[in-house]
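Working notes, beginning with the structure itself.
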Amino acid sequence: MDIDARIQRRQRRDEGPVLIQDYETLSPVAHIDEPSNRGPVFERLLDHLDPVFDGSLPPNAYVYGPAGGGKSAVVTALFSHLDQFSAEQRSVIHTSTRVKSPSSPSFVYLDLRETQTGFEFYHDVLDALADESIPDHGISTERLRERLQTELDNSEVGVVIAVDHVDEPNTTDVADLVDLFAGLPSNTSWLAIGRAEPQEIVLSEYTARSIHVDSYQSQMLVDVVMTRASEGLSQQALRHDLAREIADWADGNAYDALAALFIAADRANQAGRTQVTEREIQTACEEIPQPSVSLGRILSLPPNKQLVLRELVDLDEQQRRSVTVTTEAISDAPTVDLTSGTVKRFLYEMAEIGIVERVQGDSRGKGRPPSRIELRFPPTAFRRLYDLKKES
DNA sequence: GATCCACGGGAATACACGGATG
DNA sequence: CATCCGTGTATTCCCGTGGATC
């Protein structure tokens, strides 16, 4: 945090409540413990997972639906509760000889955005399952897999592994994922989560069941926005009609809606206001490209790539006129100590996976015409989230 | 000594244009 | 006119190296 911000915060202390109470809960990347209004989805997932309560594994399944429909939110919440539940149950069995209730499997949630190699895949599953901590160097991928295998062979029921963000660019591709699962014993059941229709994805050949999660209905989305606002903002900071405006614009996509709320609140906060106004909501919505990539994807990029993006969002139009010029501007920044070659390659790679986009630029001059870099994500939101993460 | 992976660095390839050539 | 070729950029591709960690 810079000194001006510190001073401003002190100054505001006597002027009544600050608008943003808690950036963490307001963040569009955060999943809350009890997602609102997704009761039916929970029920359908529980139907699928029902065998678990008799001590057996459900078949493999595929959960799919449009972006911002709450798939990740529901599955993360459900899995953390279920894992807690079955851990408790296991400990009951250990301590009591009288009760002979069936044991439960473990539940592991993996985000493929953060688990991009086979090594990380086995590592994270094993880490979730084993009590001791697992080294992340000096051990081969194959050895990890073997350890995981013995761990599972000793497990009574097995494990249900949720793999989120399947088939997104820059994640393990579907064929590799199938191979990774093939390396595990049969007491593993997986729950893949993605956007593609089951017919469009090879993965569904391996899943017994598909579960559809639709986008939010308008009124539900208004509630989601209001709930988030009441948790992260001061009292009365967001009028109900403005929440509706956000929901209407977002058209069922909770992720977009929460991003818009975050940006609007941040702008209002910077301006020293304690209420979000319509004007800020409009600017916020305009700032979110359609379609836009999830900030979650961006924030799980390697640190130096994020650094490049952080510099990128501060460049002016002139400096974005071609990849070459942009590269120079970024690698000249004092915070960046990468060579210009690497910065340039990063920019191309991120264009490749849709984080930024290259559009045909000014074609006058010799040689192949340059392209210019455009963002595929809202800069204000990224800037704030990045800086917050840096601070902590 | 083993292992993983982010970086660096540069070679290979693609593309646009204009001028030369058939 | 159609095609080829040379030059200057842009873009993609690939692999070796070294830091960090066990």
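Residue numbering restarts at 1 in every chain; chains get A, B, ... in the order shown in the structure tokens, and ligands count up from 1 in that same order.
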Query raised in the report: What residues in chain A lie within 8 Å of chain C, counting only C-alpha atoms (C1' of nucleotides), written as a ChimeraX atom specification?
Result: /A:135-139,348,366-370
Generate a file of the selected residues that holds all heavy atoms, formatted as a CSV table (one decimal), in the first residue's frame.
chain,number,residue,atom,x,y,z
A,135,PRO,N,6.9,-33.8,-0.6
A,135,PRO,CA,7.9,-32.9,-1.2
A,135,PRO,C,7.5,-32.5,-2.6
A,135,PRO,O,6.9,-33.2,-3.4
A,135,PRO,CB,9.1,-33.7,-1.2
A,135,PRO,CG,8.7,-35.1,-1.2
A,135,PRO,CD,7.4,-35.1,-0.4
A,136,ASP,N,7.8,-31.2,-3.0
A,136,ASP,CA,7.5,-30.8,-4.4
A,136,ASP,C,8.7,-30.8,-5.3
A,136,ASP,O,8.7,-30.3,-6.4
A,136,ASP,CB,6.7,-29.5,-4.5
A,136,ASP,CG,6.9,-28.6,-3.3
A,136,ASP,OD1,7.4,-29.1,-2.3
A,136,ASP,OD2,6.4,-27.5,-3.3
A,137,HIS,N,9.8,-31.4,-4.8
A,137,HIS,CA,11.0,-31.5,-5.6
A,137,HIS,C,11.7,-32.8,-5.2
A,137,HIS,O,11.5,-33.4,-4.2
A,137,HIS,CB,12.0,-30.3,-5.4
A,137,HIS,CG,11.5,-29.0,-5.9
A,137,HIS,ND1,11.7,-28.6,-7.1
A,137,HIS,CD2,10.8,-28.1,-5.2
A,137,HIS,CE1,11.2,-27.4,-7.3
A,137,HIS,NE2,10.6,-27.1,-6.1
A,138,GLY,N,12.6,-33.2,-6.1
A,138,GLY,CA,13.5,-34.3,-5.8
A,138,GLY,C,12.8,-35.6,-5.8
A,138,GLY,O,13.3,-36.6,-5.3
A,139,ILE,N,11.6,-35.7,-6.3
A,139,ILE,CA,10.9,-37.0,-6.4
A,139,ILE,C,10.3,-37.1,-7.8
A,139,ILE,O,9.7,-36.1,-8.3
A,139,ILE,CB,9.8,-37.1,-5.3
A,139,ILE,CG1,9.1,-38.4,-5.4
A,139,ILE,CG2,8.9,-35.9,-5.3
A,139,ILE,CD1,8.2,-38.7,-4.2
A,348,TYR,N,3.0,-13.3,-26.4
A,348,TYR,CA,2.4,-14.2,-27.4
A,348,TYR,C,1.8,-15.4,-26.8
A,348,TYR,O,0.7,-15.8,-27.2
A,348,TYR,CB,3.5,-14.6,-28.4
A,348,TYR,CG,3.9,-13.6,-29.4
A,348,TYR,CD1,5.2,-13.0,-29.5
A,348,TYR,CD2,2.9,-13.1,-30.3
A,348,TYR,CE1,5.5,-12.1,-30.4
A,348,TYR,CE2,3.3,-12.1,-31.2
A,348,TYR,CZ,4.5,-11.6,-31.3
A,348,TYR,OH,4.8,-10.7,-32.2
A,366,LYS,N,6.9,-0.9,-43.6
A,366,LYS,CA,7.4,-2.1,-44.3
A,366,LYS,C,7.2,-3.4,-43.5
A,366,LYS,O,6.9,-3.3,-42.3
A,366,LYS,CB,8.9,-2.0,-44.5
A,366,LYS,CG,9.5,-0.7,-44.7
A,366,LYS,CD,11.0,-0.8,-44.9
A,366,LYS,CE,11.4,0.2,-46.0
A,366,LYS,NZ,12.8,-0.1,-46.5
A,367,GLY,N,7.3,-4.5,-44.1
A,367,GLY,CA,7.3,-5.7,-43.4
A,367,GLY,C,5.9,-6.1,-42.9
A,367,GLY,O,4.9,-5.5,-43.2
A,368,ARG,N,5.9,-7.2,-42.2
A,368,ARG,CA,4.6,-7.7,-41.7
A,368,ARG,C,4.0,-6.8,-40.7
A,368,ARG,O,4.6,-6.3,-39.8
A,368,ARG,CB,4.8,-9.1,-41.0
A,368,ARG,CG,3.6,-9.8,-40.7
A,368,ARG,CD,4.0,-11.2,-40.2
A,368,ARG,NE,2.8,-11.8,-39.7
A,368,ARG,CZ,2.8,-13.1,-39.4
A,368,ARG,NH1,3.9,-13.8,-39.5
A,368,ARG,NH2,1.7,-13.7,-39.0
A,369,PRO,N,2.7,-6.4,-40.9
A,369,PRO,CA,2.0,-5.4,-40.1
A,369,PRO,C,2.0,-5.9,-38.6
A,369,PRO,O,1.7,-7.1,-38.4
A,369,PRO,CB,0.7,-5.3,-40.7
A,369,PRO,CG,0.5,-6.4,-41.6
A,369,PRO,CD,1.8,-6.9,-42.0
A,370,PRO,N,2.2,-5.1,-37.7
A,370,PRO,CA,2.2,-5.5,-36.3
A,370,PRO,C,0.8,-5.7,-35.8
A,370,PRO,O,-0.2,-5.2,-36.4
A,370,PRO,CB,2.8,-4.3,-35.6
A,370,PRO,CG,2.5,-3.1,-36.5
A,370,PRO,CD,2.5,-3.6,-37.9
Report task. Write down as a list in words the residues belonging to segment 208-386 of chain A that are assigned strand (DSSP E or B) by DSSP computed on the backbone. Result -> Arg209, Ser210, Ile211, His212, Leu233, Val356, Glu357, Arg358, Val359, Gln360, Ser371, Arg372, Ile373, Glu374 and Leu375 of chain A
Next, the residues of the selection above should be written as a CSV table (one decimal), in the first residue's frame with all heavy atoms.
chain,number,residue,atom,x,y,z
A,209,ARG,N,-22.4,-40.4,-16.3
A,209,ARG,CA,-23.6,-39.6,-16.0
A,209,ARG,C,-23.2,-38.1,-16.3
A,209,ARG,O,-22.0,-37.7,-16.0
A,209,ARG,CB,-23.9,-39.7,-14.5
A,209,ARG,CG,-25.3,-39.2,-14.1
A,209,ARG,CD,-25.6,-39.5,-12.7
A,209,ARG,NE,-25.9,-40.9,-12.5
A,209,ARG,CZ,-25.7,-41.5,-11.3
A,209,ARG,NH1,-25.2,-40.9,-10.3
A,209,ARG,NH2,-26.0,-42.8,-11.1
A,210,SER,N,-24.1,-37.4,-16.8
A,210,SER,CA,-23.8,-35.9,-17.0
A,210,SER,C,-24.8,-35.1,-16.2
A,210,SER,O,-26.0,-35.5,-16.2
A,210,SER,CB,-23.9,-35.5,-18.5
A,210,SER,OG,-23.0,-36.2,-19.2
A,211,ILE,N,-24.3,-34.1,-15.5
A,211,ILE,CA,-25.2,-33.3,-14.7
A,211,ILE,C,-25.1,-31.8,-15.2
A,211,ILE,O,-24.1,-31.2,-15.2
A,211,ILE,CB,-24.8,-33.3,-13.2
A,211,ILE,CG1,-24.8,-34.8,-12.7
A,211,ILE,CG2,-25.6,-32.4,-12.4
A,211,ILE,CD1,-24.0,-35.0,-11.5
A,212,HIS,N,-26.3,-31.3,-15.6
A,212,HIS,CA,-26.3,-30.0,-16.2
A,212,HIS,C,-26.6,-28.9,-15.1
A,212,HIS,O,-27.4,-29.1,-14.3
A,212,HIS,CB,-27.4,-29.9,-17.3
A,212,HIS,CG,-27.5,-28.6,-18.0
A,212,HIS,ND1,-26.5,-28.1,-18.8
A,212,HIS,CD2,-28.4,-27.7,-17.9
A,212,HIS,CE1,-26.8,-26.9,-19.2
A,212,HIS,NE2,-28.0,-26.6,-18.7
A,233,LEU,N,-19.6,-5.0,1.6
A,233,LEU,CA,-19.7,-3.6,1.7
A,233,LEU,C,-20.3,-3.1,2.9
A,233,LEU,O,-20.9,-3.9,3.7
A,233,LEU,CB,-20.5,-3.1,0.5
A,233,LEU,CG,-20.0,-3.4,-0.9
A,233,LEU,CD1,-20.9,-2.9,-2.0
A,233,LEU,CD2,-18.6,-2.9,-1.1
A,356,VAL,N,-5.0,-12.3,-23.4
A,356,VAL,CA,-5.1,-11.1,-24.1
A,356,VAL,C,-5.4,-11.4,-25.6
A,356,VAL,O,-5.4,-12.6,-25.9
A,356,VAL,CB,-3.8,-10.3,-24.0
A,356,VAL,CG1,-3.5,-9.8,-22.6
A,356,VAL,CG2,-2.6,-11.1,-24.6
A,357,GLU,N,-5.7,-10.4,-26.4
A,357,GLU,CA,-6.0,-10.7,-27.8
A,357,GLU,C,-5.1,-9.9,-28.7
A,357,GLU,O,-4.9,-8.7,-28.4
A,357,GLU,CB,-7.4,-10.4,-28.0
A,357,GLU,CG,-7.9,-11.0,-29.4
A,357,GLU,CD,-9.4,-10.8,-29.6
A,357,GLU,OE1,-10.0,-10.1,-28.8
A,357,GLU,OE2,-9.9,-11.5,-30.5
A,358,ARG,N,-4.7,-10.4,-29.8
A,358,ARG,CA,-3.9,-9.6,-30.7
A,358,ARG,C,-4.9,-9.2,-31.8
A,358,ARG,O,-5.6,-10.0,-32.4
A,358,ARG,CB,-2.8,-10.5,-31.3
A,358,ARG,CG,-1.7,-10.7,-30.3
A,358,ARG,CD,-0.5,-11.3,-31.0
A,358,ARG,NE,-0.7,-12.6,-31.5
A,358,ARG,CZ,-0.6,-12.9,-32.8
A,358,ARG,NH1,-0.3,-11.9,-33.7
A,358,ARG,NH2,-0.9,-14.1,-33.2
A,359,VAL,N,-4.9,-7.9,-32.1
A,359,VAL,CA,-5.8,-7.5,-33.2
A,359,VAL,C,-4.9,-6.7,-34.2
A,359,VAL,O,-3.9,-6.1,-33.8
A,359,VAL,CB,-6.9,-6.5,-32.7
A,359,VAL,CG1,-7.8,-7.2,-31.7
A,359,VAL,CG2,-6.3,-5.3,-32.0
A,360,GLN,N,-5.3,-6.8,-35.4
A,360,GLN,CA,-4.6,-6.2,-36.5
A,360,GLN,C,-4.4,-4.7,-36.2
A,360,GLN,O,-5.3,-4.0,-36.0
A,360,GLN,CB,-5.3,-6.4,-37.8
A,360,GLN,CG,-4.7,-5.7,-39.0
A,360,GLN,CD,-3.8,-6.7,-39.7
A,360,GLN,OE1,-4.3,-7.7,-40.2
A,360,GLN,NE2,-2.5,-6.4,-39.8
A,371,SER,N,0.7,-6.3,-34.7
A,371,SER,CA,-0.7,-6.4,-34.1
A,371,SER,C,-0.5,-5.8,-32.7
A,371,SER,O,0.5,-5.7,-32.1
A,371,SER,CB,-1.1,-7.9,-34.0
A,371,SER,OG,-0.1,-8.7,-33.4
A,372,ARG,N,-1.7,-5.4,-32.2
A,372,ARG,CA,-1.7,-4.6,-31.0
A,372,ARG,C,-2.4,-5.5,-29.9
A,372,ARG,O,-3.2,-6.4,-30.3
A,372,ARG,CB,-2.5,-3.3,-31.3
A,372,ARG,CG,-3.4,-2.7,-30.4
A,372,ARG,CD,-3.9,-1.4,-31.0
A,372,ARG,NE,-4.9,-1.7,-32.1
A,372,ARG,CZ,-6.2,-1.9,-31.8
A,372,ARG,NH1,-6.6,-1.9,-30.5
A,372,ARG,NH2,-7.1,-2.1,-32.7
A,373,ILE,N,-2.0,-5.3,-28.7
A,373,ILE,CA,-2.5,-6.2,-27.6
A,373,ILE,C,-3.7,-5.6,-26.9
A,373,ILE,O,-3.7,-4.4,-26.5
A,373,ILE,CB,-1.4,-6.4,-26.5
A,373,ILE,CG1,-0.2,-7.0,-27.1
A,373,ILE,CG2,-2.0,-7.2,-25.3
A,373,ILE,CD1,-0.3,-8.5,-27.3
A,374,GLU,N,-4.8,-6.3,-26.9
A,374,GLU,CA,-6.0,-5.9,-26.1
A,374,GLU,C,-6.3,-6.8,-25.0
A,374,GLU,O,-6.0,-8.0,-25.1
A,374,GLU,CB,-7.2,-5.8,-27.1
A,374,GLU,CG,-7.1,-4.6,-27.9
A,374,GLU,CD,-8.4,-4.3,-28.6
A,374,GLU,OE1,-9.4,-5.1,-28.5
A,374,GLU,OE2,-8.5,-3.2,-29.3
A,375,LEU,N,-6.8,-6.3,-23.9
A,375,LEU,CA,-7.1,-7.1,-22.7
A,375,LEU,C,-8.4,-7.9,-22.9
A,375,LEU,O,-9.3,-7.5,-23.5
A,375,LEU,CB,-7.3,-6.2,-21.5
A,375,LEU,CG,-6.1,-5.2,-21.3
A,375,LEU,CD1,-6.4,-4.4,-20.0
A,375,LEU,CD2,-4.8,-5.9,-21.1
Query - Residue hits in chain B, query chain A, radius 8 Å, only C-alpha atoms (C1' of nucleotides), as a count of residues only - result: 9
Hey, what's within 10 Å of segment 281-294 of chain A if we count only C-alpha atoms (C1' of nucleotides) and toss same-chain stuff fewer than 2 positions away? As a compact mmCIF listing (two decimals) with C-alpha atoms, in the first residue's frame, please?
# COMPACT_ATOMS: atom_id res chain seq x y z
CA PRO A 28 -15.18 -12.15 -7.72
CA VAL A 29 -12.69 -14.99 -7.41
CA ALA A 67 -19.76 -19.76 -17.38
CA GLY A 68 -20.80 -18.11 -14.16
CA LEU A 242 -28.76 -1.16 -8.92
CA ALA A 243 -28.26 -4.81 -8.07
CA GLU A 245 -29.24 -3.44 -13.13
CA ILE A 246 -26.06 -5.47 -12.68
CA TRP A 249 -26.55 -6.76 -17.69
CA ALA A 250 -24.81 -9.97 -16.60
CA TYR A 255 -19.09 -14.32 -12.39
CA ASP A 256 -19.62 -11.24 -14.59
CA ALA A 257 -22.09 -9.79 -12.12
CA ALA A 259 -16.85 -8.70 -11.21
CA ALA A 260 -18.99 -5.68 -12.09
CA LEU A 261 -19.93 -5.20 -8.45
CA PHE A 262 -16.28 -5.41 -7.43
CA ILE A 263 -15.13 -2.85 -9.98
CA ALA A 264 -17.97 -0.43 -9.28
CA ALA A 265 -17.35 -0.65 -5.54
CA ASP A 266 -13.64 -0.15 -5.99
CA ARG A 267 -14.20 2.93 -8.10
CA ALA A 268 -16.67 4.39 -5.65
CA VAL A 276 -22.19 2.75 -5.25
CA THR A 277 -23.80 4.89 -7.92
CA GLU A 278 -25.36 4.01 -11.23
CA ARG A 279 -22.60 5.79 -13.10
CA GLY A 296 -9.12 -16.84 -11.44
CA ARG A 297 -7.28 -18.09 -14.48
CA ILE A 298 -5.13 -14.99 -14.59
CA LEU A 299 -4.30 -15.09 -10.92
CA ILE A 353 -4.47 -18.96 -24.45
CA GLY A 354 -6.89 -16.05 -24.68
CA ILE A 355 -5.76 -13.94 -21.74
CA VAL A 356 -5.10 -11.08 -24.12
CA GLU A 374 -5.99 -5.89 -26.14
CA LEU A 375 -7.10 -7.10 -22.73
CA ARG A 376 -9.54 -9.93 -22.29
CA PHE A 377 -10.18 -9.09 -18.65
CA PRO A 378 -11.21 -6.01 -16.64
CA PRO A 379 -8.05 -4.04 -15.78
CA THR A 380 -9.35 -2.33 -12.64
CA ALA A 381 -10.28 -5.65 -11.07
Report task. For Leu49 of chain A, please output as a ChimeraX atom specification all residues within 9 Å (counting only C-alpha atoms (C1' of nucleotides); exclusion window: fewer than 6 positions along the same chain). Result -> /A:57-59
Requested in this report: Just list the residues in segment 129-257 of chain A DSSP gives alpha helix (DSSP H) on the backbone, as an MDAnalysis selection string.
Outcome: chainID A and resid 129 141:153 174:182 218:232 240:250 254:257
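Of note, atom CA of Ser56 of chain A and atom CA of Asp214 of chain A are spaced 28.5 Å apart.
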